[in-house]
Each structure stands twice: as structure tokens, then as C-alpha cells.
file my_file29.txt (compact mmCIF, C-alpha atoms)
# COMPACT_ATOMS: atom_id res chain seq x y z
CA MET A 269 4.33 -20.13 -0.99
CA THR A 270 6.82 -22.97 -1.30
CA ILE A 271 10.53 -22.98 -0.47
CA PRO A 272 12.48 -21.46 -3.38
CA PRO A 273 13.98 -24.12 -5.63
CA GLY A 274 17.70 -24.48 -5.18
CA LEU A 275 17.85 -22.96 -1.68
CA VAL A 276 18.69 -26.22 0.08
CA GLU A 277 21.09 -27.25 -2.67
CA GLY A 278 22.70 -23.82 -2.62
CA PHE A 279 23.23 -24.04 1.12
CA THR A 280 24.84 -27.47 0.72
CA THR A 281 27.17 -26.16 -1.99
CA LEU A 282 28.13 -23.05 -0.03
CA TYR A 283 28.64 -24.62 3.39
CA GLY A 284 29.52 -28.19 2.43
CA THR A 285 26.68 -29.83 4.34
CA PRO A 286 22.87 -29.77 4.13
CA PRO A 287 20.82 -27.45 6.34
CA THR A 288 18.93 -28.90 9.27
CA GLY A 289 15.89 -26.77 8.49
CA VAL A 290 14.32 -23.92 6.56
CA TRP A 291 12.48 -21.06 8.26
CA SER A 292 10.63 -18.13 6.70
CA ALA A 293 8.87 -14.87 7.47
CA PRO A 294 6.68 -12.66 5.28
CA GLY A 295 6.87 -9.07 4.23
CA ARG A 296 3.96 -6.88 5.18
CA ALA A 297 1.66 -4.23 3.82
CA ASN A 298 -0.11 -1.79 6.07
CA LEU A 299 -3.84 -1.47 5.59
CA ILE A 300 -3.96 1.73 7.67
CA GLY A 301 -2.01 3.38 10.49
CA GLU A 302 1.16 4.98 9.08
CA HIS A 303 3.88 6.55 11.24
CA THR A 304 1.76 5.91 14.32
CA ASP A 305 3.84 3.02 15.64
CA TYR A 306 6.79 4.99 17.00
CA ASN A 307 4.26 7.40 18.51
CA ASN A 308 2.90 4.54 20.69
CA GLY A 309 -0.19 4.49 18.50
CA LEU A 310 -2.35 2.00 16.62
CA VAL A 311 -1.60 0.17 13.38
CA LEU A 312 -3.40 -2.37 11.22
CA PRO A 313 -0.90 -4.22 8.99
CA PHE A 314 -1.11 -7.66 7.43
CA ALA A 315 1.49 -10.23 6.42
CA ILE A 316 1.77 -10.82 2.67
CA ASP A 317 2.48 -14.00 0.75
CA ASP A 318 5.97 -12.93 -0.38
CA ARG A 319 8.50 -14.31 2.10
CA THR A 320 12.16 -14.42 3.11
CA TRP A 321 13.64 -17.86 3.78
CA CYS A 322 16.59 -18.98 5.89
CA ALA A 323 18.17 -22.36 5.28
CA ALA A 324 20.35 -22.95 8.33
CA ARG A 325 22.22 -25.33 10.56
CA VAL A 326 24.42 -25.19 13.63
CA ASN A 327 28.16 -25.13 13.00
CA GLY A 328 31.06 -25.76 15.35
CA THR A 329 32.81 -22.42 14.92
CA GLY A 330 31.11 -20.04 17.36
CA VAL A 331 30.44 -17.75 14.40
CA VAL A 332 27.14 -16.68 12.82
CA SER A 333 27.63 -16.64 9.05
CA VAL A 334 25.11 -15.35 6.52
CA ALA A 335 24.98 -15.24 2.74
CA SER A 336 22.17 -14.86 0.24
CA THR A 337 21.37 -16.51 -3.05
CA ALA A 338 21.59 -13.06 -4.65
CA GLN A 339 24.90 -12.15 -2.95
CA PRO A 340 26.73 -15.36 -1.99
CA THR A 341 29.64 -13.57 -0.30
CA ARG A 342 29.62 -14.64 3.35
CA HIS A 343 29.35 -12.10 6.17
CA ALA A 344 30.06 -13.25 9.70
CA VAL A 345 30.28 -12.22 13.33
CA ALA A 346 31.69 -14.20 16.23
CA ILE A 347 29.16 -14.62 19.03
CA ALA A 348 31.89 -13.76 21.53
CA ASP A 349 32.48 -10.44 19.72
CA LEU A 350 28.87 -9.22 19.50
CA ASP A 351 29.56 -6.38 21.96
CA GLN A 352 32.09 -4.85 19.57
CA ALA A 353 30.40 -5.75 16.30
CA ARG A 354 29.66 -3.12 13.63
CA PHE A 355 27.19 -3.79 10.86
CA GLU A 356 26.65 -2.45 7.37
CA GLY A 357 24.81 -3.39 4.21
CA TRP A 358 22.07 -5.99 3.90
CA SER A 359 23.84 -8.47 6.17
CA GLY A 360 23.52 -6.03 9.08
CA TYR A 361 19.79 -6.74 9.24
CA ALA A 362 20.52 -10.46 9.65
CA LEU A 363 23.59 -10.37 11.88
CA GLY A 364 22.06 -7.48 13.79
CA VAL A 365 19.40 -9.88 15.11
CA ALA A 366 22.11 -11.93 16.84
CA TRP A 367 23.51 -8.71 18.28
CA ALA A 368 20.02 -7.62 19.39
CA LEU A 369 19.35 -10.92 21.17
CA HIS A 370 22.63 -10.49 23.02
CA ALA A 371 21.96 -6.80 23.76
CA SER A 372 18.52 -7.70 25.12
CA GLY A 373 20.17 -9.76 27.85
CA HIS A 374 19.65 -13.26 26.51
CA ASP A 375 22.49 -15.56 27.48
CA LEU A 376 24.33 -16.59 24.32
CA SER A 377 27.46 -17.84 26.10
CA ARG A 378 26.65 -21.41 25.11
CA ALA A 379 25.01 -20.61 21.79
CA PRO A 380 26.64 -22.45 18.90
CA GLY A 381 27.64 -20.88 15.64
CA VAL A 382 25.10 -20.93 12.82
CA ASP A 383 25.38 -20.93 9.04
CA ILE A 384 22.51 -19.27 7.14
CA LEU A 385 21.67 -18.91 3.46
CA ILE A 386 18.89 -16.46 2.64
CA ASP A 387 16.51 -16.21 -0.30
CA SER A 388 13.59 -13.83 -0.67
CA THR A 389 10.70 -12.87 -2.91
CA VAL A 390 9.84 -9.71 -0.94
CA PRO A 391 10.50 -6.75 -3.26
CA LEU A 392 13.26 -4.44 -2.04
CA GLY A 393 12.49 -0.78 -1.40
CA ALA A 394 8.80 -1.20 -2.21
CA GLY A 395 7.43 -0.37 1.22
CA LEU A 396 6.70 -4.05 1.93
CA SER A 397 9.25 -4.35 4.72
CA SER A 398 11.84 -6.65 3.23
CA SER A 399 14.03 -5.72 6.20
CA ALA A 400 11.53 -6.94 8.81
CA ALA A 401 10.95 -10.13 6.80
CA LEU A 402 14.70 -10.78 6.94
CA GLU A 403 14.97 -9.92 10.62
CA SER A 404 11.97 -12.05 11.55
CA ALA A 405 13.13 -15.03 9.50
CA VAL A 406 16.55 -14.89 11.16
CA ALA A 407 14.94 -14.39 14.59
CA VAL A 408 12.79 -17.54 14.38
CA THR A 409 15.78 -19.45 12.99
CA LEU A 410 18.09 -18.47 15.84
CA ASN A 411 15.34 -18.93 18.41
CA ASP A 412 14.95 -22.55 17.32
CA LEU A 413 18.61 -23.42 16.76
CA TRP A 414 19.72 -21.75 19.98
CA GLU A 415 16.72 -23.17 21.89
CA LEU A 416 15.99 -19.76 23.42
CA GLY A 417 12.28 -20.40 23.90
CA LEU A 418 11.34 -16.78 23.21
CA ASP A 419 7.79 -15.77 22.37
CA ARG A 420 6.93 -13.89 19.22
CA MET A 421 6.80 -10.47 20.81
CA ALA A 422 10.32 -10.95 22.19
CA LEU A 423 11.46 -11.83 18.67
CA ALA A 424 9.69 -8.77 17.27
CA LYS A 425 11.50 -6.60 19.81
CA ALA A 426 14.82 -8.15 18.77
CA GLY A 427 14.08 -7.39 15.13
CA GLN A 428 13.21 -3.78 15.92
CA LEU A 429 16.34 -3.39 18.05
CA ALA A 430 18.43 -4.75 15.19
CA GLU A 431 16.97 -2.14 12.85
CA ASN A 432 17.30 0.70 15.35
CA GLY A 433 20.63 -0.19 16.96
CA ALA A 434 22.57 -2.14 14.34
CA ILE A 435 21.34 -0.31 11.23
CA GLY A 436 20.39 3.08 12.65
CA ALA A 437 16.88 3.26 11.16
CA PRO A 438 14.49 4.85 13.71
CA THR A 439 11.55 2.57 12.89
CA GLY A 440 8.82 1.28 15.19
CA ILE A 441 7.85 -2.31 15.89
CA MET A 442 4.90 -2.63 13.50
CA ASP A 443 6.74 -4.37 10.67
CA GLN A 444 8.21 -7.11 12.83
CA VAL A 445 4.88 -7.72 14.59
CA ALA A 446 3.06 -8.07 11.26
CA SER A 447 5.71 -10.49 10.00
CA LEU A 448 5.59 -12.63 13.14
CA PHE A 449 1.88 -12.47 14.06
CA GLY A 450 0.23 -12.54 10.63
CA GLN A 451 -2.70 -14.86 9.90
CA ALA A 452 -4.38 -15.82 6.64
CA ASP A 453 -7.19 -13.40 5.63
CA HIS A 454 -6.59 -11.28 8.73
CA ALA A 455 -4.91 -8.03 9.59
CA VAL A 456 -3.12 -7.53 12.91
CA LEU A 457 -4.33 -4.73 15.17
CA LEU A 458 -1.33 -3.68 17.22
CA ASP A 459 -1.46 -1.27 20.12
CA CYS A 460 2.10 0.01 20.21
CA ALA A 461 1.72 1.28 23.79
CA SER A 462 0.68 -2.01 25.37
CA LEU A 463 2.07 -4.24 22.58
CA SER A 464 -1.21 -6.12 22.61
CA THR A 465 -2.28 -7.69 19.32
CA ARG A 466 -5.58 -8.85 17.90
CA ALA A 467 -6.33 -10.65 14.66
CA VAL A 468 -8.92 -8.70 12.64
CA PRO A 469 -10.85 -10.65 9.96
CA LEU A 470 -10.72 -9.08 6.50
CA SER A 471 -13.13 -11.42 4.66
CA LEU A 472 -11.71 -10.41 1.29
CA GLU A 473 -12.57 -13.54 -0.68
CA ARG A 474 -16.09 -13.66 0.69
CA SER A 475 -16.52 -10.02 -0.35
CA GLY A 476 -15.10 -10.57 -3.82
CA LEU A 477 -12.30 -8.09 -3.14
CA ALA A 478 -8.57 -8.18 -3.73
CA LEU A 479 -5.68 -6.20 -2.30
CA LEU A 480 -3.25 -4.87 -4.86
CA VAL A 481 0.17 -3.38 -4.17
CA ILE A 482 1.33 -0.87 -6.75
CA ASP A 483 5.11 -0.53 -6.47
CA SER A 484 6.11 2.87 -7.82
CA THR A 485 9.73 1.59 -8.15
CA VAL A 486 10.81 4.83 -6.45
CA LYS A 487 13.23 3.47 -3.89
CA HIS A 488 13.34 4.71 -0.33
CA ALA A 489 15.66 4.17 2.62
CA HIS A 490 14.46 4.36 6.23
CA ALA A 491 17.85 5.44 7.52
CA ASP A 492 17.72 8.67 5.51
CA GLY A 493 16.88 12.10 6.88
CA GLY A 494 13.25 12.25 5.76
CA TYR A 495 12.03 9.49 8.04
CA ALA A 496 14.13 10.73 10.96
CA SER A 497 12.91 14.31 10.58
CA ARG A 498 9.27 13.17 10.76
CA ARG A 499 9.98 11.30 13.97
CA GLU A 500 11.76 14.34 15.42
CA ALA A 501 8.76 16.52 14.56
CA CYS A 502 6.45 14.10 16.36
CA GLU A 503 8.64 14.14 19.45
CA LYS A 504 8.78 17.94 19.33
CA GLY A 505 4.99 18.14 19.12
CA ALA A 506 4.52 15.75 22.02
CA ARG A 507 6.89 17.77 24.21
CA ALA A 508 5.11 21.00 23.40
CA MET A 509 1.75 19.43 24.22
CA GLY A 510 3.07 18.01 27.49
CA VAL A 511 2.51 14.32 26.70
CA PRO A 512 4.97 11.43 26.42
CA PHE A 513 3.70 10.38 22.99
CA LEU A 514 1.26 11.68 20.40
CA ARG A 515 -0.85 8.60 21.17
CA ASP A 516 -1.92 10.44 24.31
CA LEU A 517 -3.68 13.15 22.25
CA THR A 518 -7.15 12.95 20.73
CA VAL A 519 -8.79 14.84 17.89
CA ALA A 520 -10.23 17.18 20.52
CA ASP A 521 -6.67 18.31 21.39
CA LEU A 522 -5.89 19.51 17.88
CA ALA A 523 -7.27 23.01 18.40
CA LYS A 524 -4.78 23.59 21.22
CA ALA A 525 -1.99 22.01 19.14
CA GLU A 526 -2.70 24.37 16.26
CA ALA A 527 -2.55 27.35 18.61
CA ILE A 528 0.86 26.55 20.12
CA LEU A 529 2.77 24.72 17.37
CA ASP A 530 4.36 26.02 14.19
CA ASP A 531 2.46 25.04 11.06
CA GLU A 532 4.72 22.19 9.97
CA THR A 533 4.89 20.55 13.39
CA PHE A 534 1.13 20.91 13.79
CA ARG A 535 0.46 19.16 10.49
CA ARG A 536 2.77 16.30 11.49
CA VAL A 537 0.88 16.00 14.80
CA ARG A 538 -2.51 16.20 13.09
CA HIS A 539 -1.63 13.31 10.82
CA VAL A 540 -0.69 11.02 13.70
CA VAL A 541 -3.68 11.92 15.86
CA THR A 542 -6.23 11.53 13.07
CA GLU A 543 -4.53 8.37 11.77
CA ASN A 544 -4.93 6.70 15.16
CA ALA A 545 -8.62 7.52 15.02
CA ARG A 546 -8.86 6.12 11.49
CA VAL A 547 -7.35 2.80 12.59
CA LEU A 548 -10.06 2.34 15.22
CA ASP A 549 -12.73 3.42 12.74
CA THR A 550 -11.43 0.89 10.21
CA VAL A 551 -11.54 -1.99 12.70
CA GLU A 552 -15.07 -1.05 13.70
CA THR A 553 -16.19 -0.69 10.09
CA LEU A 554 -14.70 -4.03 9.08
CA ALA A 555 -16.65 -5.71 11.86
CA SER A 556 -19.94 -3.92 11.22
CA SER A 557 -20.02 -3.44 7.46
CA GLY A 558 -17.16 -5.41 5.89
CA PRO A 559 -14.19 -4.36 3.76
CA GLU A 560 -16.38 -2.73 1.10
CA ALA A 561 -17.08 0.12 3.55
CA ILE A 562 -13.53 1.22 4.46
CA GLY A 563 -12.66 3.07 1.25
CA GLU A 564 -13.16 6.60 2.54
CA LEU A 565 -10.91 5.87 5.51
CA LEU A 566 -8.15 4.65 3.22
CA LEU A 567 -8.45 7.77 1.07
CA ALA A 568 -8.45 10.07 4.09
CA SER A 569 -5.30 8.36 5.32
CA HIS A 570 -3.58 8.94 2.00
CA ALA A 571 -4.58 12.61 1.91
CA SER A 572 -3.19 13.05 5.42
CA MET A 573 0.12 11.45 4.47
CA ARG A 574 0.31 13.53 1.30
CA ASP A 575 -0.63 16.91 2.76
CA ASP A 576 0.11 16.83 6.50
CA PHE A 577 2.97 14.37 6.83
CA GLU A 578 4.31 15.06 3.31
CA ILE A 579 5.73 11.61 2.67
CA SER A 580 4.05 10.77 -0.61
CA VAL A 581 5.56 11.28 -4.07
CA PRO A 582 3.88 12.08 -7.41
CA GLU A 583 4.17 8.49 -8.58
CA ILE A 584 2.25 7.23 -5.55
CA ASP A 585 -0.38 9.98 -5.79
CA LEU A 586 -0.96 9.05 -9.42
CA ALA A 587 -1.31 5.37 -8.53
CA VAL A 588 -3.95 6.18 -5.91
CA GLU A 589 -5.88 8.47 -8.26
CA THR A 590 -5.77 5.93 -11.08
CA ALA A 591 -6.87 3.10 -8.81
CA MET A 592 -9.94 5.07 -7.80
CA GLU A 593 -10.74 5.85 -11.43
CA ALA A 594 -10.51 2.10 -12.12
CA GLY A 595 -13.17 1.32 -9.53
CA ALA A 596 -11.17 0.69 -6.38
CA VAL A 597 -12.99 0.82 -3.05
CA GLY A 598 -10.06 2.79 -1.62
CA ALA A 599 -6.32 3.26 -1.97
CA ARG A 600 -3.45 4.81 -0.05
CA LEU A 601 0.30 4.98 0.34
CA THR A 602 1.57 2.04 2.37
CA GLY A 603 4.87 1.95 4.21
CA GLY A 604 7.25 4.64 5.37
CA GLY A 605 6.82 6.83 2.31
CA PHE A 606 9.26 8.82 0.17
CA GLY A 607 8.66 6.22 -2.54
CA GLY A 608 7.62 2.62 -2.21
CA SER A 609 4.09 1.44 -2.86
CA ALA A 610 0.39 2.15 -2.74
CA VAL A 611 -2.17 -0.42 -1.63
CA ALA A 612 -5.54 -0.57 -3.37
CA LEU A 613 -8.67 -2.47 -2.32
CA LEU A 614 -10.79 -3.33 -5.34
CA PRO A 615 -13.17 -5.88 -6.82
CA ALA A 616 -11.15 -8.93 -7.84
CA THR A 617 -12.69 -8.71 -11.32
CA GLN A 618 -11.01 -5.32 -11.86
CA VAL A 619 -7.40 -6.35 -11.17
CA HIS A 620 -6.42 -6.65 -14.84
CA ASN A 621 -8.15 -3.40 -15.78
CA LEU A 622 -6.50 -1.49 -12.94
CA THR A 623 -3.08 -2.84 -13.87
CA GLU A 624 -3.44 -1.64 -17.45
CA LEU A 625 -4.70 1.78 -16.39
CA VAL A 626 -1.90 2.27 -13.85
CA HIS A 627 0.72 1.36 -16.44
CA ALA A 628 -0.81 3.71 -19.01
CA ALA A 629 -1.09 6.60 -16.54
CA ALA A 630 2.55 6.23 -15.48
CA SER A 631 3.67 6.15 -19.10
CA ASP A 632 1.68 9.29 -19.91
CA ARG A 633 3.41 11.14 -17.07
CA GLY A 634 6.88 9.85 -17.98
CA PHE A 635 7.17 7.76 -14.79
CA ALA A 636 8.76 4.34 -14.55
CA THR A 637 6.38 1.44 -15.12
CA PRO A 638 4.98 0.39 -11.72
CA ALA A 639 5.08 -3.23 -10.64
CA VAL A 640 1.57 -4.36 -9.74
CA LEU A 641 1.02 -7.44 -7.61
CA ILE A 642 -1.86 -9.06 -5.78
CA VAL A 643 -1.05 -9.56 -2.11
CA THR A 644 -2.84 -12.14 -0.02
CA PRO A 645 -3.00 -11.66 3.77
CA SER A 646 -1.00 -14.66 4.94
CA GLU A 647 0.57 -16.61 7.77
CA GLY A 648 3.42 -15.13 9.78
CA ALA A 649 6.90 -16.49 10.47
CA ARG A 650 7.25 -20.26 10.67
CA ARG A 651 9.49 -23.26 10.22
CA ASP A 652 8.91 -24.67 6.73
CA GLN A 653 11.15 -27.72 6.76
call {"tool": "encode", "arguments": {"input": "my_file29.txt", "output": "C-alpha cells"}}
result
Amino acid sequence: MTIPPGLVEGFTTLYGTPPTGVWSAPGRANLIGEHTDYNNGLVLPFAIDDRTWCAARVNGTGVVSVASTAQPTRHAVAIADLDQARFEGWSGYALGVAWALHASGHDLSRAPGVDILIDSTVPLGAGLSSSAALESAVAVTLNDLWELGLDRMALAKAGQLAENGAIGAPTGIMDQVASLFGQADHAVLLDCASLSTRAVPLSLERSGLALLVIDSTVKHAHADGGYASRREACEKGARAMGVPFLRDLTVADLAKAEAILDDETFRRVRHVVTENARVLDTVETLASSGPEAIGELLLASHASMRDDFEISVPEIDLAVETAMEAGAVGARLTGGGFGGSAVALLPATQVHNLTELVHAAASDRGFATPAVLIVTPSEGARRDQ
């Protein structure tokens, strides 16, 4: 995807001088492995072709200033004041990265000020991690302009810290890793305990398959109570089972968990434990049988999120059901839940048919018309210009 037209010109108009470069990072969809990341578990996301761009240059003010083409009002923080900085709104995700780099112990005493103008095609609130795309784009921008020399995992950690510490959203590191480590036609297997990553071939084009994201248009917010309460339930379950994280449990431990936990906490635990197993099964199945064979795993993941973790909504359930009726290999909720999107794996020849059926089904139920888009597993964060 090319640099949005007018971004460079807009930067020049806003800041009075051209940018020295343009950097970008993609949103992500998660093939499987939901709410496992903050439980030190396994996830299998992929970077998408929608991206967030940063046109930027060093300034002489000692201040990091950000604006966006959608909201040109500038927001700024002095590098010397990062310790006392408070963040709010969309700009907190961007400026929070500077704070996170400082809070992580990187020496910014000689770092120059930076002007940034942001543009993005990643849909907001659709479960495609527009926030991580923004954080990752800013992270690679500052890493280059400040000559920090940090590797991609260090930048992913900074993005997660920005979201956790500056914004207050208790998210894991999956989104930032997908945005920074993505490769074309690959997913990224991330072990959240060791932070090891491995590119997993998807072979979609060779298999004649396409990945479709069905955006329910039901907006969600990670900083709300629903996400936090699920994380608290996972921590409660781990404590009761005597392990640091739910990652340390296997399916064989579920009988004991059911015996000692209340029903709700047990179902939260069961989702995470079985979802970790499904991630490994998906990687193995992709290697042995190809993407055509992973449908049942995707459907089992969705059922677990719907019934055990209770993070789906009727609009998403309908999208999954309709996708399967339209001939999809498999479909599931993707993202943090409470709205957002479903992802469907289907023959490329059925994309138009599925889109029509999903629109008709939503209309029949009185739901908002979903936005349906093909997503192509794509390259991670980079310098574009």
C-alpha cells in the first residue's frame, strides 16, 4: 500500500518544512489465539495491508509534536517533562511511545524534538489494532530519528508499555509484535512467555483462499471494564491453581480447575487453556495439511470465546454463522471482543457472495450494515520514504 496522497504536503503545510521521511506500520488480525497473550500463552496473528503512516522530521524545540490528517490539532510533550506527562485521547498512543521509551530506561537526554503527522487506513474500533499500528509506526519513527538502535522486540515492548501505562488498557504484546514482525503471506507465532517469534507460512494464494474481515461496526474500547474483568478472572484462576500464568496449565488440568473454581472463573480458564492448544494445533495443521484444514479449529475458537469467555456479540455471531453458510472454511471473532470484527477464511471465488449474504443477514436482524474487507497478510513496520 502506497503512502497516502497529501501526507507529505500536509506535513509541510502544518510544520512549515518537509518531512525527512515517512514510516508506517500495519494493523493486525488474529488468526487464532485470543486473550492468551497476557496469560503468557501462544498467539498466531498476521499483519494486514491497512497501515498507519508517520511523516516526520527532527525539530529544534526539544518537544515531540503529533497531529493527524483527520485531527490536525497538535498535541505535544517536552522530552524533559516525560516523567510528569499525562496522556489522553488518540494522541496518548503516539506520545505515550516517547514516554515508554524513556520509562524503559533508554537515554533520551540528547534526543531532539520531533514533529509527526499521522495518517491511517486501519479502521478504528474494528478489532484490527489501530492503536498498535499507531504505536508501532511512531516507535520505528523515533527509533530512526533518535538513532536508538533498538530491535523490533524492544519497540514492541515500548508500544505495549505505552498502551498499558500511558493509556491504561491492560493489553498484552501480541498486537505490537504482529505489527512489527509481520511478513507477506505469513502469520507470526508468538510465544508470550519467551517472546520468541516464528513466521508461519499461510499459502493462501496457492490454496485459492482469501481472508475476509467482517467489521460489525459495534465499537469497543480496551480500557473499559469488560476487558479488564476478563484479565482479572484469568489472574484469579491462575492463583487458585497455584501457577504464575494460565499458560502453565494444560487441558489435563481442567478437571481440577472445574472442581475448585466457581463456574464463571472456570469457563474463563477453560477458554485460555484450550485456546493455547488450538494455536499449536493450527500451526501443525497448516504445515501438514494447509489452510483448507484449519476451519474446525477456527470455529471451536469462536465457540469458546462466545460461551466460555463471553466476549462475542450477536452481530459477530451472525457474521460467523453467515460466513459458514456462504461456504467459508472457518470463521471466528478476531480481536479483544465486545464488538469489532470476525475473520473468515473462504475460497476467493466466494468473496462477493459472502459479502452480499452478510449484508442481507444483518439487515434482516436490524443490525448495522457490516463493512467487509479482504485482508492480505503483509509486511510489518518499515520506513517507506
call {"tool": "atom_distance", "arguments": {"input": "my_file29.txt", "atom1": "CA of Leu369 in chain A", "atom2": "CA of Leu423 in chain A"}}
result
8.3 Å
call {"tool": "atom_distance", "arguments": {"input": "my_file29.txt", "atom1": "CA of Leu514 in chain A", "atom2": "CA of Glu560 in chain A"}}
result
29.9 Å
call {"tool": "residues_around", "arguments": {"input": "my_file29.txt", "residues": "Ala525 in chain A", "least_positions_apart": "4", "cutoff": "7 Å", "atoms": "only C-alpha atoms", "output": "NGL selection string"}}
result
:A and (509 or 521 or 529 or 534)
call {"tool": "closest_residue", "arguments": {"input": "my_file29.txt", "among": "A:Phe606, A:Phe314, A:Tyr306, A:Trp291", "to": "Gln451 in chain A", "atoms": "all atoms listed in the file"}}
result
A:Phe314
call {"tool": "atom_distance", "arguments": {"input": "my_file29.txt", "atom1": "CA of Leu463 in chain A", "atom2": "CA of Glu564 in chain A"}}
result
27.4 Å
call {"tool": "residues_around", "arguments": {"input": "my_file29.txt", "residues": "Pro286 in chain A", "least_positions_apart": "2", "cutoff": "12 Å", "atoms": "only C-alpha atoms", "output": "MDAnalysis selection string"}}
result
chainID A and resid 274:284 288:290 323:327 383:385
call {"tool": "residues_around", "arguments": {"input": "my_file29.txt", "residues": "range 493-501 of chain A", "least_positions_apart": "4", "cutoff": "8 Å", "atoms": "all atoms listed in the file", "output": "ChimeraX atom specification"}}
result
/A:306,437-438,505,533,536-537,577,604,606
call {"tool": "residues_around", "arguments": {"input": "my_file29.txt", "residues": "Gly360 in chain A", "least_positions_apart": "5", "cutoff": "8 Å", "atoms": "all atoms listed in the file", "output": "JSON, numbers by chain"}}
result
{"A": [355, 434, 435]}
call {"tool": "write_last_selection", "arguments": {"input": "my_file29.txt", "atoms": "C-alpha atoms", "output": "PDB file, keeping the file's coordinate frame"}}
result
ATOM      1  CA  PHE A 355      27.190  -3.790  10.860  1.00  0.00           C
ATOM      2  CA  ALA A 434      22.570  -2.140  14.340  1.00  0.00           C
ATOM      3  CA  ILE A 435      21.340  -0.310  11.230  1.00  0.00           C
TER       4      ILE A 435
END
call {"tool": "residues_around", "arguments": {"input": "my_file29.txt", "residues": "Ala520 in chain A", "least_positions_apart": "6", "cutoff": "12 Å", "atoms": "all atoms listed in the file", "output": "list in words"}}
result
Glu526, Arg538, Val541, Thr542 and Ala545 of chain A
call {"tool": "closest_residue", "arguments": {"input": "my_file29.txt", "among": "A:Ala335, A:Leu470, A:Ala630, A:Ala426", "to": "Ser557 in chain A", "atoms": "only C-alpha atoms"}}
result
A:Leu470
call {"tool": "residues_near_point", "arguments": {"input": "my_file29.txt", "point": "(34.6, -21.4, 9.4)", "cutoff": "12 Å", "atoms": "only C-alpha atoms", "output": "list in words"}}
result
Leu282, Tyr283, Gly284, Val326, Asn327, Gly328, Thr329, Gly330, Val331, Val332, Ser333, Val334, Arg342, His343, Ala344, Val345, Ala346, Gly381, Val382 and Asp383 of chain A
call {"tool": "axis_aligned_box", "arguments": {"input": "my_file29.txt", "around": "range 356-371 of chain A", "padding_each_side": "3 Å", "output": "AutoDock Vina command-line options"}}
result
--center_x 23.0 --center_y -7.2 --center_z 13.8 --size_x 13.3 --size_y 15.5 --size_z 25.9
call {"tool": "residues_near_point", "arguments": {"input": "my_file29.txt", "point": "(22.1, -16.4, 27.2)", "cutoff": "12 Å", "atoms": "only C-alpha atoms", "output": "VMD selection string"}}
result
chain A and resid 347 to 348 366 to 380 411 414 to 418
call {"tool": "write_last_selection", "arguments": {"input": "my_file29.txt", "atoms": "C-alpha atoms", "output": "compact mmCIF listing (two decimals), in the coordinates of the input"}}
result
# COMPACT_ATOMS: atom_id res chain seq x y z
CA ILE A 347 29.16 -14.62 19.03
CA ALA A 348 31.89 -13.76 21.53
CA ALA A 366 22.11 -11.93 16.84
CA TRP A 367 23.51 -8.71 18.28
CA ALA A 368 20.02 -7.62 19.39
CA LEU A 369 19.35 -10.92 21.17
CA HIS A 370 22.63 -10.49 23.02
CA ALA A 371 21.96 -6.80 23.76
CA SER A 372 18.52 -7.70 25.12
CA GLY A 373 20.17 -9.76 27.85
CA HIS A 374 19.65 -13.26 26.51
CA ASP A 375 22.49 -15.56 27.48
CA LEU A 376 24.33 -16.59 24.32
CA SER A 377 27.46 -17.84 26.10
CA ARG A 378 26.65 -21.41 25.11
CA ALA A 379 25.01 -20.61 21.79
CA PRO A 380 26.64 -22.45 18.90
CA ASN A 411 15.34 -18.93 18.41
CA TRP A 414 19.72 -21.75 19.98
CA GLU A 415 16.72 -23.17 21.89
CA LEU A 416 15.99 -19.76 23.42
CA GLY A 417 12.28 -20.40 23.90
CA LEU A 418 11.34 -16.78 23.21
call {"tool": "closest_residue", "arguments": {"input": "my_file29.txt", "among": "A:Thr637, A:Ser388, A:Ser447, A:Ser475", "to": "Gln339 in chain A", "atoms": "all atoms listed in the file"}}
result
A:Ser388
call {"tool": "closest_residue", "arguments": {"input": "my_file29.txt", "among": "A:Ala394, A:Ala555, A:Leu566, A:Ala561", "to": "Gly607 in chain A", "atoms": "only C-alpha atoms"}}
result
A:Ala394
call {"tool": "closest_residue", "arguments": {"input": "my_file29.txt", "among": "A:Gly608, A:Gly440, A:Pro340, A:Pro273", "to": "Pro638 in chain A", "atoms": "only C-alpha atoms"}}
result
A:Gly608
